file my_file14.txt (compact mmCIF, C-alpha atoms)
# COMPACT_ATOMS: atom_id res chain seq x y z
CA MET A 9 -50.45 199.35 52.22
CA MET A 10 -52.31 196.50 50.48
CA ASN A 11 -54.10 194.10 52.85
CA TYR A 12 -52.97 190.50 52.64
CA GLU A 13 -56.21 189.13 51.16
CA LEU A 14 -55.87 191.45 48.15
CA PHE A 15 -52.12 190.76 47.88
CA ILE A 16 -52.56 186.97 47.87
CA GLY A 17 -55.63 187.08 45.58
CA LEU A 18 -53.75 189.10 42.95
CA ARG A 19 -50.66 186.91 43.33
CA TYR A 20 -52.69 183.76 42.59
CA LEU A 21 -53.60 185.28 39.20
CA ARG A 22 -49.95 184.98 38.15
CA ALA A 23 -49.50 181.25 37.70
CA LYS A 24 -46.20 179.50 38.26
CA ARG A 25 -44.64 177.49 35.44
CA LYS A 26 -46.23 174.24 36.53
CA GLN A 27 -49.63 175.96 36.81
CA THR A 28 -49.71 177.33 33.25
CA PHE A 29 -52.93 175.44 32.50
CA ILE A 30 -54.75 177.44 35.21
CA SER A 31 -53.41 180.67 33.73
CA VAL A 32 -54.74 179.69 30.29
CA ILE A 33 -58.19 179.00 31.74
CA THR A 34 -58.06 182.37 33.48
CA PHE A 35 -57.32 184.03 30.13
CA ILE A 36 -60.19 182.11 28.50
CA SER A 37 -62.54 183.28 31.27
CA ILE A 38 -61.53 186.91 30.68
CA LEU A 39 -61.89 186.43 26.93
CA GLY A 40 -65.36 184.89 27.32
CA ILE A 41 -66.64 187.83 29.35
CA THR A 42 -65.01 190.28 26.92
CA VAL A 43 -66.70 188.65 23.93
CA GLY A 44 -70.07 188.49 25.70
CA VAL A 45 -70.06 192.15 26.77
CA THR A 46 -68.78 193.30 23.36
CA ALA A 47 -71.47 191.33 21.53
CA LEU A 48 -74.21 192.64 23.82
CA ILE A 49 -73.20 196.28 23.37
CA ILE A 50 -72.86 196.00 19.57
CA VAL A 51 -76.11 194.10 19.02
CA LEU A 52 -78.22 196.28 21.33
CA SER A 53 -76.67 199.44 19.87
CA VAL A 54 -77.56 198.27 16.36
CA MET A 55 -81.10 197.43 17.41
CA THR A 56 -81.49 200.78 19.17
CA GLY A 57 -80.11 202.55 16.11
CA PHE A 58 -82.44 200.56 13.85
CA GLU A 59 -85.45 201.51 15.98
CA GLU A 60 -84.47 205.20 16.02
CA THR A 61 -83.84 205.19 12.26
CA MET A 62 -87.20 203.55 11.63
CA LYS A 63 -88.92 206.19 13.75
CA GLU A 64 -87.08 208.97 11.94
CA LYS A 65 -87.91 207.66 8.47
CA ILE A 66 -91.52 206.72 9.24
CA LEU A 67 -92.23 210.00 11.02
CA GLY A 68 -90.39 211.92 8.32
CA VAL A 69 -93.10 211.03 5.82
CA ASN A 70 -96.04 210.17 8.05
CA ALA A 71 -97.45 212.53 10.61
CA HIS A 72 -97.33 212.21 14.38
CA VAL A 73 -101.14 212.48 14.52
CA VAL A 74 -103.68 212.01 11.73
CA VAL A 75 -107.17 213.54 11.92
CA SER A 76 -109.75 211.61 9.91
CA GLY A 77 -113.48 211.79 9.48
CA PHE A 78 -116.03 209.05 9.95
CA GLY A 79 -117.19 207.91 6.54
CA GLY A 80 -113.83 208.16 4.85
CA GLY A 81 -113.32 211.85 4.04
CA VAL A 82 -112.80 215.22 5.68
CA SER A 83 -114.61 218.26 4.28
CA GLY A 84 -113.76 221.85 5.08
CA TYR A 85 -110.16 220.96 5.75
CA GLU A 86 -109.01 224.62 5.67
CA LYS A 87 -110.90 225.39 8.90
CA ILE A 88 -109.85 222.08 10.48
CA THR A 89 -106.21 222.79 9.68
CA ALA A 90 -106.45 226.27 11.18
CA ASP A 91 -108.14 224.95 14.35
CA VAL A 92 -105.59 222.17 14.77
CA LYS A 93 -102.67 224.62 14.55
CA LYS A 94 -104.06 226.49 17.56
CA VAL A 95 -103.78 223.42 19.82
CA LYS A 96 -100.89 223.53 22.28
CA GLY A 97 -97.96 221.36 21.24
CA VAL A 98 -98.82 221.37 17.52
CA MET A 99 -96.01 222.50 15.21
CA GLY A 100 -97.81 222.17 11.90
CA ALA A 101 -100.81 220.70 10.09
CA THR A 102 -101.46 219.92 6.44
CA PRO A 103 -104.23 218.20 4.43
CA PHE A 104 -103.48 215.05 2.46
CA THR A 105 -105.14 212.53 0.18
CA TYR A 106 -104.29 208.84 -0.10
CA ASN A 107 -105.23 206.79 -3.15
CA GLN A 108 -103.92 203.91 -5.20
CA ALA A 109 -103.33 204.05 -8.94
CA MET A 110 -101.34 202.55 -11.79
CA LEU A 111 -98.37 204.43 -13.23
CA SER A 112 -97.43 203.78 -16.84
CA ALA A 113 -94.28 204.92 -18.66
CA SER A 114 -91.93 203.75 -21.40
CA GLY A 115 -90.31 201.23 -19.04
CA GLY A 116 -93.57 199.55 -18.02
CA ALA A 117 -96.44 199.93 -15.57
CA ILE A 118 -96.58 199.52 -11.82
CA GLY A 119 -99.03 200.06 -8.99
CA ALA A 120 -98.30 202.90 -6.58
CA VAL A 121 -99.72 204.98 -3.75
CA ILE A 122 -100.59 208.51 -4.88
CA ARG A 123 -100.55 211.03 -2.07
CA GLY A 124 -101.85 214.55 -2.48
CA LEU A 125 -100.11 217.29 -0.52
CA ASP A 126 -100.29 221.05 -0.07
CA THR A 127 -96.93 222.57 -0.98
CA LYS A 128 -97.51 225.55 1.35
CA THR A 129 -98.15 223.63 4.57
CA ALA A 130 -96.49 220.27 3.87
CA PRO A 131 -92.93 221.48 4.75
CA ASP A 132 -94.19 222.10 8.32
CA VAL A 133 -95.08 218.42 8.68
CA THR A 134 -93.08 216.24 6.28
CA VAL A 135 -89.40 216.05 5.31
CA LEU A 136 -90.27 215.38 1.66
CA PRO A 137 -89.22 218.84 0.34
CA LYS A 138 -85.73 218.28 1.84
CA ARG A 139 -85.38 214.81 0.30
CA ILE A 140 -86.03 215.74 -3.32
CA LYS A 141 -82.91 214.77 -5.27
CA LYS A 142 -83.89 216.21 -8.64
CA GLY A 143 -86.50 218.74 -9.67
CA SER A 144 -88.68 220.84 -7.38
CA ILE A 145 -91.78 220.32 -5.27
CA ASP A 146 -93.33 223.46 -6.76
CA GLY A 147 -93.67 221.62 -10.07
CA ILE A 148 -96.76 219.77 -8.83
CA ASN A 149 -98.79 222.99 -8.49
CA THR A 150 -99.75 223.13 -12.20
CA PRO A 151 -103.54 222.53 -12.22
CA LEU A 152 -104.92 219.40 -13.81
CA GLY A 153 -106.90 220.32 -16.95
CA ASP A 154 -104.85 223.39 -17.91
CA GLU A 155 -102.83 221.37 -20.39
CA LYS A 156 -105.57 221.93 -22.98
CA THR A 157 -105.14 225.70 -22.86
CA SER A 158 -101.60 226.34 -21.64
CA GLY A 159 -99.99 223.11 -22.77
CA ASN A 160 -98.46 222.55 -19.32
CA LEU A 161 -99.01 219.12 -17.76
CA PRO A 162 -99.67 218.74 -14.02
CA GLY A 163 -96.60 217.64 -12.09
CA ILE A 164 -95.90 214.48 -10.10
CA ILE A 165 -92.97 213.59 -7.82
CA LEU A 166 -91.82 209.98 -7.88
CA GLY A 167 -89.76 207.90 -5.52
CA LEU A 168 -86.29 207.23 -6.92
CA GLU A 169 -86.77 203.45 -7.03
CA LEU A 170 -90.27 203.83 -8.47
CA ALA A 171 -88.91 206.00 -11.28
CA ARG A 172 -86.22 203.40 -12.04
CA ASN A 173 -88.80 200.62 -12.16
CA ILE A 174 -90.86 202.37 -14.84
CA GLY A 175 -87.93 204.00 -16.64
CA ALA A 176 -88.95 207.60 -15.91
CA LYS A 177 -86.80 210.66 -15.26
CA VAL A 178 -87.44 214.34 -14.55
CA GLY A 179 -89.28 215.95 -17.48
CA ASP A 180 -90.79 212.71 -18.79
CA THR A 181 -94.50 212.25 -19.25
CA ILE A 182 -96.20 209.35 -17.48
CA ASN A 183 -99.81 208.20 -17.33
CA VAL A 184 -101.69 207.83 -14.06
CA ILE A 185 -104.56 205.35 -14.25
CA SER A 186 -107.21 205.16 -11.54
CA PRO A 187 -108.93 201.81 -10.94
CA ALA A 188 -112.10 203.69 -10.03
CA GLY A 189 -113.00 204.57 -13.60
CA THR A 190 -116.01 206.04 -15.35
CA VAL A 191 -119.04 203.89 -16.10
CA THR A 192 -120.03 204.03 -19.78
CA PRO A 193 -122.61 202.11 -21.85
CA ALA A 194 -119.75 199.84 -22.90
CA GLY A 195 -118.78 199.20 -19.28
CA PRO A 196 -116.40 200.78 -16.77
CA VAL A 197 -113.49 202.67 -18.31
CA PRO A 198 -110.41 203.42 -16.18
CA ARG A 199 -109.78 207.10 -15.55
CA MET A 200 -106.43 208.24 -16.97
CA ALA A 201 -104.44 211.47 -17.01
CA ALA A 202 -100.97 212.47 -18.19
CA PHE A 203 -98.53 213.92 -15.64
CA LYS A 204 -95.06 215.37 -16.03
CA VAL A 205 -92.35 214.09 -13.67
CA ALA A 206 -91.48 217.23 -11.70
CA GLY A 207 -89.02 215.65 -9.28
CA LEU A 208 -87.53 212.54 -7.72
CA PHE A 209 -87.25 211.95 -3.97
CA GLU A 210 -85.27 209.49 -1.88
CA LEU A 211 -86.28 208.86 1.72
CA GLY A 212 -83.82 206.03 2.30
CA MET A 213 -86.66 203.58 2.96
CA TYR A 214 -87.21 201.20 0.07
CA GLU A 215 -90.89 200.68 0.78
CA TYR A 216 -91.56 204.39 0.29
CA ASP A 217 -89.03 205.05 -2.47
CA SER A 218 -90.44 202.24 -4.64
CA ASN A 219 -94.18 202.61 -4.06
CA MET A 220 -95.04 206.27 -3.50
CA ALA A 221 -95.69 209.33 -5.63
CA PHE A 222 -96.92 212.84 -4.75
CA ILE A 223 -99.21 215.27 -6.55
CA SER A 224 -100.97 218.40 -5.32
CA VAL A 225 -104.09 218.10 -3.18
CA SER A 226 -106.21 220.00 -5.70
CA ASN A 227 -105.14 217.73 -8.57
CA ALA A 228 -105.78 214.65 -6.44
CA GLN A 229 -109.29 215.91 -5.67
CA LYS A 230 -109.99 216.43 -9.37
CA PHE A 231 -108.44 213.20 -10.64
CA PHE A 232 -109.90 210.89 -7.98
CA ARG A 233 -113.16 212.90 -7.86
CA LEU A 234 -113.05 213.61 -4.15
CA GLY A 235 -114.96 216.89 -4.37
CA ASP A 236 -113.81 219.33 -1.69
CA SER A 237 -112.82 216.58 0.77
CA VAL A 238 -109.45 215.09 1.61
CA SER A 239 -108.39 211.84 3.30
CA GLY A 240 -107.42 213.66 6.47
CA VAL A 241 -105.18 216.23 8.13
CA GLU A 242 -101.64 215.33 9.18
CA VAL A 243 -100.27 216.94 12.33
CA LYS A 244 -96.70 217.39 13.56
CA ILE A 245 -96.17 217.93 17.30
CA ASN A 246 -93.30 218.99 19.57
CA ASP A 247 -93.08 215.83 21.68
CA ILE A 248 -93.75 212.61 19.76
CA TYR A 249 -94.25 210.71 23.03
CA ALA A 250 -97.08 213.05 24.03
CA ALA A 251 -99.05 212.16 20.90
CA ASP A 252 -101.97 210.63 22.84
CA ASN A 253 -102.51 213.75 24.94
CA VAL A 254 -102.23 216.11 21.96
CA ALA A 255 -104.61 213.90 19.95
CA ASN A 256 -107.23 214.23 22.70
CA ASP A 257 -106.74 218.01 22.79
CA ILE A 258 -107.22 218.14 19.01
CA LEU A 259 -110.51 216.24 19.23
CA ASN A 260 -111.73 218.60 21.95
CA ALA A 261 -110.85 221.59 19.77
CA LEU A 262 -112.71 220.34 16.68
CA GLU A 263 -116.42 220.52 16.05
CA GLY A 264 -117.87 217.51 14.31
CA ARG A 265 -117.39 213.76 14.06
CA TYR A 266 -113.67 213.10 13.77
CA TYR A 267 -111.20 210.59 15.14
CA THR A 268 -107.44 210.63 15.50
CA ARG A 269 -104.68 208.07 15.13
CA THR A 270 -101.21 208.55 16.55
CA TRP A 271 -97.94 207.29 15.06
CA MET A 272 -97.71 204.76 17.92
CA GLU A 273 -101.10 203.29 17.05
CA MET A 274 -100.35 203.12 13.32
CA ASN A 275 -96.97 201.41 13.83
CA ARG A 276 -97.65 199.51 17.06
CA ASN A 277 -96.92 196.05 15.67
CA LEU A 278 -93.57 197.08 14.18
CA PHE A 279 -92.18 198.81 17.26
CA SER A 280 -93.56 196.16 19.62
CA ALA A 281 -91.75 193.50 17.58
CA LEU A 282 -88.52 195.53 17.72
CA LYS A 283 -88.73 195.88 21.51
CA LEU A 284 -89.47 192.18 21.96
CA GLU A 285 -86.56 191.26 19.70
CA LYS A 286 -84.28 193.57 21.68
CA VAL A 287 -85.21 191.88 24.96
CA ALA A 288 -84.79 188.42 23.42
CA MET A 289 -81.33 189.27 22.07
CA PHE A 290 -80.29 190.60 25.48
CA ILE A 291 -81.32 187.35 27.15
CA ILE A 292 -79.68 185.15 24.49
CA LEU A 293 -76.39 187.03 24.47
CA THR A 294 -76.26 187.13 28.26
CA LEU A 295 -75.79 183.36 28.02
CA ILE A 296 -72.31 184.05 26.63
CA ILE A 297 -71.43 185.84 29.86
CA LEU A 298 -72.95 182.96 31.84
CA VAL A 299 -70.71 180.50 30.00
CA ALA A 300 -67.73 182.70 30.84
CA ALA A 301 -68.90 182.73 34.46
CA LEU A 302 -68.78 178.93 34.47
CA ASN A 303 -65.15 179.23 33.37
CA ILE A 304 -64.54 181.47 36.38
CA ILE A 305 -66.05 178.82 38.66
CA SER A 306 -63.92 176.06 37.15
CA THR A 307 -60.79 178.22 37.34
CA LEU A 308 -61.32 179.04 41.00
CA ILE A 309 -62.11 175.43 41.87
CA MET A 310 -58.84 174.31 40.29
CA VAL A 311 -56.95 177.09 42.08
CA VAL A 312 -58.50 176.00 45.39
CA MET A 313 -57.44 172.40 44.73
CA GLU A 314 -53.94 173.59 43.81
CA LYS A 315 -53.64 175.86 46.85
CA ASN A 316 -54.88 173.43 49.51
CA LYS A 317 -51.55 173.60 51.36
CA ASP A 318 -51.45 177.42 51.15
CA ILE A 319 -54.98 177.67 52.54
CA ALA A 320 -54.10 175.32 55.38
CA ILE A 321 -51.00 177.36 56.26
CA LEU A 322 -52.98 180.61 56.19
CA LYS A 323 -55.61 179.14 58.49
CA SER A 324 -52.89 177.84 60.81
CA LEU A 325 -51.48 181.37 60.97
CA GLY A 326 -54.88 182.71 62.01
CA ALA A 327 -56.67 183.55 58.78
CA THR A 328 -60.45 183.41 59.19
CA LYS A 329 -62.97 181.78 56.86
CA ALA A 330 -64.03 185.25 55.72
CA SER A 331 -60.44 186.11 54.80
CA ILE A 332 -60.04 182.91 52.78
CA MET A 333 -63.29 183.67 50.95
CA LYS A 334 -62.06 187.20 50.21
CA ILE A 335 -58.83 185.91 48.64
CA PHE A 336 -60.62 183.77 46.06
CA MET A 337 -63.48 186.23 45.55
CA ILE A 338 -60.90 188.91 44.72
CA GLU A 339 -59.38 186.62 42.12
CA GLY A 340 -62.76 185.98 40.45
CA ILE A 341 -63.83 189.63 40.66
CA VAL A 342 -60.59 190.78 39.01
CA ILE A 343 -61.27 188.35 36.15
CA GLY A 344 -64.81 189.74 35.83
CA LEU A 345 -63.70 193.38 36.05
CA THR A 346 -60.98 192.90 33.44
CA GLY A 347 -63.24 191.09 31.00
CA THR A 348 -66.09 193.60 31.51
CA PHE A 349 -63.83 196.62 31.08
CA LEU A 350 -62.24 195.23 27.91
CA GLY A 351 -65.62 194.15 26.52
CA ALA A 352 -67.25 197.52 27.24
CA SER A 353 -64.35 199.40 25.66
CA LEU A 354 -64.29 197.24 22.53
CA GLY A 355 -68.08 197.23 22.27
CA ILE A 356 -68.42 201.02 22.48
CA VAL A 357 -65.61 201.64 19.98
CA ALA A 358 -67.02 199.05 17.55
CA ALA A 359 -70.60 200.34 17.87
CA LEU A 360 -69.57 203.96 17.29
CA ASN A 361 -67.64 203.03 14.12
CA LEU A 362 -69.88 200.21 12.87
CA GLU A 363 -71.34 202.08 9.91
CA ARG A 364 -67.84 203.03 8.74
CA VAL A 365 -66.61 199.45 9.04
CA VAL A 366 -69.64 198.08 7.18
CA GLY A 367 -69.11 200.64 4.41
CA LEU A 368 -65.49 199.55 4.10
CA ILE A 369 -66.51 195.88 3.88
CA GLU A 370 -69.08 196.69 1.18
CA ARG A 371 -66.48 198.53 -0.90
CA LEU A 372 -63.87 195.81 -0.51
CA PHE A 373 -66.12 192.83 -1.28
CA HIS A 374 -68.62 194.61 -3.59
CA PHE A 375 -71.82 193.48 -1.91
CA LYS A 376 -74.59 195.13 0.07
CA VAL A 377 -74.89 194.15 3.74
CA LEU A 378 -78.47 195.44 3.86
CA PRO A 379 -80.11 195.14 0.42
CA PRO A 380 -82.78 197.88 0.33
CA SER A 381 -85.19 195.56 -1.48
CA VAL A 382 -85.15 193.23 1.54
CA TYR A 383 -84.74 195.55 4.54
CA TYR A 384 -86.51 198.75 5.50
CA ILE A 385 -83.22 200.67 5.52
CA ASP A 386 -80.09 200.67 3.37
CA LYS A 387 -77.50 201.40 6.08
CA LEU A 388 -76.59 199.69 9.35
CA PRO A 389 -77.35 202.24 12.07
CA SER A 390 -75.86 202.12 15.56
CA LYS A 391 -76.68 204.18 18.63
CA VAL A 392 -74.87 203.67 21.93
CA GLU A 393 -77.12 204.38 24.90
CA PRO A 394 -75.22 205.04 28.17
CA LEU A 395 -78.01 203.44 30.21
CA THR A 396 -77.88 200.25 28.12
CA VAL A 397 -74.09 200.05 28.49
CA ALA A 398 -74.42 200.61 32.25
CA VAL A 399 -76.98 197.78 32.54
CA ILE A 400 -74.76 195.41 30.55
CA VAL A 401 -71.71 196.24 32.70
CA LEU A 402 -73.74 195.81 35.89
CA VAL A 403 -75.16 192.44 34.76
CA SER A 404 -71.69 191.22 33.79
CA LEU A 405 -70.19 192.25 37.14
CA CYS A 406 -73.06 190.66 39.08
CA ILE A 407 -72.70 187.37 37.19
CA SER A 408 -68.93 187.43 37.76
CA PHE A 409 -69.41 188.11 41.46
CA LEU A 410 -71.96 185.32 41.88
CA ALA A 411 -69.59 182.93 40.10
CA THR A 412 -66.98 183.46 42.85
CA LEU A 413 -69.22 182.56 45.78
CA TYR A 414 -69.29 178.78 45.58
CA PRO A 415 -65.52 178.16 45.03
CA SER A 416 -64.66 180.73 47.70
CA TRP A 417 -67.06 179.13 50.17
CA GLN A 418 -65.55 175.71 49.47
CA ALA A 419 -62.06 177.13 50.09
CA SER A 420 -63.14 178.62 53.43
CA LYS A 421 -64.45 175.20 54.59
CA LEU A 422 -61.07 173.51 54.08
CA ASP A 423 -59.75 171.73 57.20
CA PRO A 424 -56.03 172.63 57.68
CA ALA A 425 -55.33 169.40 59.60
CA GLU A 426 -56.54 167.28 56.67
CA SER A 427 -54.51 169.28 54.13
CA LEU A 428 -51.25 169.17 56.14
CA ARG A 429 -51.54 165.57 57.42
CA TYR A 430 -49.26 164.07 54.77
CA GLU A 431 -46.96 167.06 54.32
call {"tool": "encode", "arguments": {"input": "my_file14.txt", "output": "structure tokens"}}
result
Amino acid sequence: MMNYELFIGLRYLRAKRKQTFISVITFISILGITVGVTALIIVLSVMTGFEETMKEKILGVNAHVVVSGFGGGVSGYEKITADVKKVKGVMGATPFTYNQAMLSASGGAIGAVIRGLDTKTAPDVTVLPKRIKKGSIDGINTPLGDEKTSGNLPGIILGLELARNIGAKVGDTINVISPAGTVTPAGPVPRMAAFKVAGLFELGMYEYDSNMAFISVSNAQKFFRLGDSVSGVEVKINDIYAADNVANDILNALEGRYYTRTWMEMNRNLFSALKLEKVAMFIILTLIILVAALNIISTLIMVVMEKNKDIAILKSLGATKASIMKIFMIEGIVIGLTGTFLGASLGIVAALNLERVVGLIERLFHFKVLPPSVYYIDKLPSKVEPLTVAVIVLVSLCISFLATLYPSWQASKLDPAESLRYE
């Protein structure tokens, strides 16, 4: 059987006709907590999804660990790559070059980053081969300089947005112009070579899709006159969060003057800002729950004022102060539990279907929620973390519980003689 404190506490939630105003405030309190919990879950899920998407896209193109040499270049990269692959935890290693150049086509000219890659080892490290929309990565293997004898131009793979900006498509010929030109008696002359567009890639990150192009390592060495050196060796590892330890093991395995940089070091500012923003949003949105908790306090205070005679009668019948506190604490806790449960349910459902809803809104109103030219990503990601939801629910319940203490304590202090004197 239900004890009387629980029975009376639940009964007080059902207002009589003359107490409809209290019932409305109770509903507003539940609604406030529901909105606060829902907003917290949706916003933190979006921010978690954004962080995970950023990691996936950044690490899809960039390596987990980069081995570089003091002085700017790495010579003998074949041996370095072989030695790195032997280190425990390493999944793959590939050489790369990194240079800036000007791309010129029929649609105009634009500056871009030209990265050289090895088509044999790059698939072990980067997702680029899987993200080529048109053409093939093997098209970049045609050697630079053979066009004079075979008539075949060296290949280049462009980002989809970059190709649109210069009006190029697969099969077109574009000119690559290096700012580090050749010095002649008439002055410096920019170095230029013709490349054939062998493919177009789309990584889903506007910064990469609009500013990056890929050629083979050997062609990059010839065109930028790097000799037998490369910019470094990119490494993919099993556990991205063990990058520091693997980087140290790589340095111990290599002979010579090298240094390493992990993905955390190269993107520290970005991910630190994301974490700080996540904490700030949690604190700000928790204020919504605090406002709802103030509604709980005001509701209970009004109920206590309305039930003065009932409290006095209960005390006269032998109810203790603890029992009176329980009655009103139960009422406040039920409000908190109901609002938290509804908010958690709505928040989880909304977060899991957010991308679908946003897509529907974009189709209906013909606008882009996340313009790729402004944001790093073109879709609104969402990832529900059980631990985050559990923390939000716990915080909401704690705030709701604390909100019941003061009104309940005031109710327990009520003097029955004073309340019944004029009855």
call {"tool": "residues_around", "arguments": {"input": "my_file14.txt", "residues": "A:Leu208", "least_positions_apart": "2", "cutoff": "8 Å", "atoms": "all atoms listed in the file", "output": "list of chain:residue names"}}
result
A:Ile140, A:Lys141, A:Lys142, A:Gly143, A:Ile165, A:Leu166, A:Gly167, A:Leu168, A:Ala171, A:Lys177, A:Val178, A:Val205, A:Ala206, A:Glu210
call {"tool": "closest_residue", "arguments": {"input": "my_file14.txt", "among": "A:Val241, A:Ile66, A:Ile182, A:Val51", "to": "A:Gly100", "atoms": "only C-alpha atoms"}}
result
A:Val241
call {"tool": "closest_residue", "arguments": {"input": "my_file14.txt", "among": "A:Leu14, A:Ala202, A:Leu405, A:Ala300", "to": "A:Val43", "atoms": "all atoms listed in the file"}}
result
A:Ala300
call {"tool": "residues_around", "arguments": {"input": "my_file14.txt", "residues": "A:Gly84", "least_positions_apart": "6", "cutoff": "10 Å", "atoms": "only C-alpha atoms", "output": "JSON, numbers by chain"}}
result
{"A": [236, 237, 238]}
call {"tool": "atom_distance", "arguments": {"input": "my_file14.txt", "atom1": "atom CA of A:Val121", "atom2": "atom CA of A:Tyr216"}}
result
9.1 Å
call {"tool": "closest_residue", "arguments": {"input": "my_file14.txt", "among": "A:Pro187, A:Leu368, A:Ala261, A:Asn303", "to": "A:Asp91", "atoms": "all atoms listed in the file"}}
result
A:Ala261
call {"tool": "closest_residue", "arguments": {"input": "my_file14.txt", "among": "A:Leu413, A:Ile297, A:Ala188, A:Leu388", "to": "A:Phe336", "atoms": "all atoms listed in the file"}}
result
A:Leu413
call {"tool": "atom_distance", "arguments": {"input": "my_file14.txt", "atom1": "atom CA of A:Gln108", "atom2": "atom CA of A:Ala120"}}
result
5.9 Å
call {"tool": "atom_distance", "arguments": {"input": "my_file14.txt", "atom1": "atom CA of A:Asp217", "atom2": "atom CA of A:Ile245"}}
result
24.7 Å
call {"tool": "closest_residue", "arguments": {"input": "my_file14.txt", "among": "A:Val98, A:Ile223, A:Leu422, A:Leu125", "to": "A:Asp247", "atoms": "all atoms listed in the file"}}
result
A:Val98
call {"tool": "closest_residue", "arguments": {"input": "my_file14.txt", "among": "A:Glu13, A:Ala113, A:Ser83, A:Asn275", "to": "A:Ala330", "atoms": "only C-alpha atoms"}}
result
A:Glu13
call {"tool": "residues_around", "arguments": {"input": "my_file14.txt", "residues": "A:Ala130", "least_positions_apart": "4", "cutoff": "8 Å", "atoms": "all atoms listed in the file", "output": "short mmCIF file (atom, residue, chain, number, x, y, z; two decimals) with C-alpha atoms, keeping the file's coordinate frame"}}
result
data_model
loop_
_atom_site.label_atom_id
_atom_site.label_comp_id
_atom_site.auth_asym_id
_atom_site.auth_seq_id
_atom_site.Cartn_x
_atom_site.Cartn_y
_atom_site.Cartn_z
CA ALA A 101 -100.81 220.70 10.09
CA THR A 102 -101.46 219.92 6.44
CA LEU A 125 -100.11 217.29 -0.52
CA ASP A 126 -100.29 221.05 -0.07
CA THR A 134 -93.08 216.24 6.28
#
call {"tool": "residues_around", "arguments": {"input": "my_file14.txt", "residues": "A:Gly344", "least_positions_apart": "5", "cutoff": "9 Å", "atoms": "only C-alpha atoms", "output": "mmCIF file with C-alpha atoms, in the frame of the given file"}}
result
data_model
loop_
_atom_site.group_PDB
_atom_site.id
_atom_site.type_symbol
_atom_site.label_atom_id
_atom_site.label_comp_id
_atom_site.auth_asym_id
_atom_site.auth_seq_id
_atom_site.Cartn_x
_atom_site.Cartn_y
_atom_site.Cartn_z
ATOM 1 C CA SER A 37 -62.540 183.280 31.270
ATOM 2 C CA ILE A 38 -61.530 186.910 30.680
ATOM 3 C CA ILE A 41 -66.640 187.830 29.350
ATOM 4 C CA THR A 42 -65.010 190.280 26.920
ATOM 5 C CA ALA A 301 -68.900 182.730 34.460
ATOM 6 C CA ILE A 304 -64.540 181.470 36.380
ATOM 7 C CA GLU A 339 -59.380 186.620 42.120
ATOM 8 C CA PHE A 349 -63.830 196.620 31.080
ATOM 9 C CA SER A 404 -71.690 191.220 33.790
ATOM 10 C CA LEU A 405 -70.190 192.250 37.140
ATOM 11 C CA CYS A 406 -73.060 190.660 39.080
ATOM 12 C CA ILE A 407 -72.700 187.370 37.190
ATOM 13 C CA SER A 408 -68.930 187.430 37.760
ATOM 14 C CA PHE A 409 -69.410 188.110 41.460
#
